[in-house]
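Undergrad: What follows is a structure written as structure tokens; I'll ask about it next.
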2 protein chains.
Amino acid sequence: MGRAKRMERVVALTKLLVDHPQQLFSFSYFCKKFEVAKSTLSEDVLAVKSGLELFGLGRVETLAGAAGGVRFIPGHSAKDDEDFLRDLALKLSSADRILPGGMLYTTDLLCNPEVAVRLGEVFMSRFKHLEPDCVMTVETRGIPLALFVARAFNVPLVIARHDNYITEGSTVNINYVSSSTKVIRTMAMPKRALHPGNKVLIVDDVMKGGGTARGMVDLVEEVGAVVVGKAFLVETAVPEHKMVDDYTAFFRLKDVDEEARKILIEVIENK
Amino acid sequence: MGRAKRMERVVALTKLLVDHPQQLFSFSYFCKKFEVAKSTLSEDVLAVKSGLELFGLGRVETLAGAAGGVRFIPGHSAKDDEDFLRDLALKLSSADRILPGGMLYTTDLLCNPEVAVRLGEVFMSRFKHLEPDCVMTVETRGIPLALFVARAFNVPLVIARHDNYITEGSTVNINYVSSSTKVIRTMAMPKRALHPGNKVLIVDDVMKGGGTARGMVDLVEEVGAVVVGKAFLVETAVPEHKMVDDYTAFFRLKDVDEEARKILIEVIENK
């Protein structure tokens, strides 16, 4: 192809950067791709940075030096994130979500890519200082959320499973007590999914008593990896005592009144 | 904020379009957002279109008329897709993936966002003429792939489950026979996840005998929805007879020689 015009280059550069969040590209990679000098590329990068930041669509970071380069960090303004979470809390409070036993139907929202992608970016922004090198969840309902958190961090997702017939080779197993049912269950993870020293961010959609979260922590520690954070979309107000501490939740489900068909959810302030 | 410069607008426009694949934005939405006249916006849209297409990074479609607007369709050149699939087949053929029973460890690839996002776009490109309004899979291993297919189509994902204790309200259940184990199992789906007339694309990572796929088809038909396509990343050569027909697979697992530690995978030609 002939050499691209500046505007076309900047469009392609924008797309390539946002398609690979967190990935550090060397300047020479793009210089070669676009057949331009480094000074020209630097101006292009500045244009992308300025366009994205002006409209609150994420940040472009440039690192100087031999190991330097450019990368895109997804994110939105604090106010946009607040509005998004408040709007989501409102949607979650809709009476037709009430399920028997005081739980909420959330699958439609968590399995909606537009919502889940955005949530993944909100989680990433909140936990980016932890620099996890993988995200972990347990099957099934939390997977879409956790996967988009992993996507925003551009790190692998590790899925722990409940069953024993997993076809993923040798596994690490632990037993845990579900805090709601008091039943002892098994949680398993492929042995090769996590390595000693890995920094793991645990993500799940809901935390009630924290038994499942406790199980995931045990599984991570069993292989010598480290839990750097525990993040939940919703925590329930009851039970008050949780089997894990030092966790973050975005919403608190304060009350589900099945008779009056009323749900009370609050957005937890950013600590 | 002050009015943005053209370059900044084009960067923001690129980001907004690619963040919402398939979504039709009206021209007036962007005219208002960027405080520009329609003629100016039209030029900006042309710049995005030209930049993305020049580098094989997807298409921008504009629809004229009152219900018209602009939307982004993810995708790559046919050659890029071929290279990606061939490279993935090579990775899948690595001897250390062999699991007892002649299956392959694929979790690291399917749970790697960079790979899964790209696969989602490859699946979408192949099936876009079917215009599904949701993607369906069954827990657990196929979920990441199916979710990124749903993301590329920008439609919801429906997850069928094996267990009975699902906390998603009333369910539709069917029984099916696993073609590998011959065991009768139950598959369940939240009643509100699918509606009569929905056009469903079934996605899973592996198809052996097709028993699980058959189960998903039954589940879809049970609620009066329609299966418009069945797509698998890998089909096994054995058994030759599958319990579903009219499906598409991208790879064929021809042989796993556990003793010689050799895997034979072929990329199936685009039909």
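Ligands are numbered from 1 in the order shown, chains are lettered A, B, ... in the order of the structure tokens, and residues start at 1 in each chain.
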Counting only C-alpha atoms, what is within 8 Å of Thr106 of chain A, bar same-chain residues fewer than 5 positions away, as a list in words?
TA: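 Non-adjacent residues within range: Leu92 and Arg97 of chain A; Glu168 of chain B.
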Undergrad: Quick one: residues within 6 Å of segment 7-23 of chain A, only C-alpha atoms, excluding same-chain residues fewer than 5 positions away - as a list in words?
TA: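 The filter keeps Asp44, Arg71, Phe72 and Ile73 of chain A; Val48, Gly51 and Leu52 of chain B.
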Undergrad: I need the helix (DSSP H, G or I) residues of segment 57-218 of chain A per DSSP on the backbone, written as an MDAnalysis selection string.
TA: chainID A and resid 78:92 95:97 107:110 113:130 143:153 191:193 211:218
Undergrad: Find the spatial neighbours of Met243 of chain B, counting only C-alpha atoms, within a cut-off of 7 Å - ignore same-chain residues fewer than 5 positions away - and output them as a short mmCIF file (atom, residue, chain, number, x, y, z; two decimals) with all heavy atoms, in the first residue's frame.
TA:
```cif
data_model
loop_
_atom_site.label_atom_id
_atom_site.label_comp_id
_atom_site.auth_asym_id
_atom_site.auth_seq_id
_atom_site.Cartn_x
_atom_site.Cartn_y
_atom_site.Cartn_z
N GLY B 209 -18.99 -35.90 20.02
CA GLY B 209 -20.11 -36.60 19.40
C GLY B 209 -21.29 -35.67 19.10
O GLY B 209 -22.21 -36.03 18.37
N GLY B 210 -21.29 -34.49 19.72
CA GLY B 210 -22.37 -33.55 19.47
C GLY B 210 -23.56 -33.68 20.42
O GLY B 210 -24.58 -33.04 20.22
N GLY B 211 -23.41 -34.52 21.46
CA GLY B 211 -24.51 -34.69 22.41
C GLY B 211 -24.84 -33.40 23.13
O GLY B 211 -26.01 -33.03 23.30
N ARG B 214 -26.49 -31.03 20.76
CA ARG B 214 -27.88 -31.48 20.57
C ARG B 214 -28.74 -30.97 21.73
O ARG B 214 -29.87 -30.50 21.54
CB ARG B 214 -27.87 -33.01 20.50
CG ARG B 214 -29.18 -33.70 20.29
CD ARG B 214 -29.62 -33.63 18.86
NE ARG B 214 -30.73 -32.70 18.74
CZ ARG B 214 -31.14 -32.16 17.61
NH1 ARG B 214 -30.54 -32.42 16.48
NH2 ARG B 214 -32.15 -31.33 17.60
#
```
Undergrad: From the options A:Val36, A:Leu63, A:Val238, A:Val122, which residue's atoms come nearest to Ser77 of chain A, counting only C-alpha atoms?
TA: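 Closest residue, counting only C-alpha atoms: A:Val122.
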Undergrad: Quick one: residues within 7 Å of segment 151-160 of chain B, only C-alpha atoms counted, chain neighbours fewer than 4 positions away excluded, as number ranges by chain?
TA: A: 111-113; B: 21-22, 74, 120-121, 124, 133-139, 147, 187-189, 193
Undergrad: My list of candidates is B:Ile184, B:Val149, B:Val267, B:Ala37. Which is closest to chain A when distances are computed with only C-alpha atoms?
TA: B:Val149
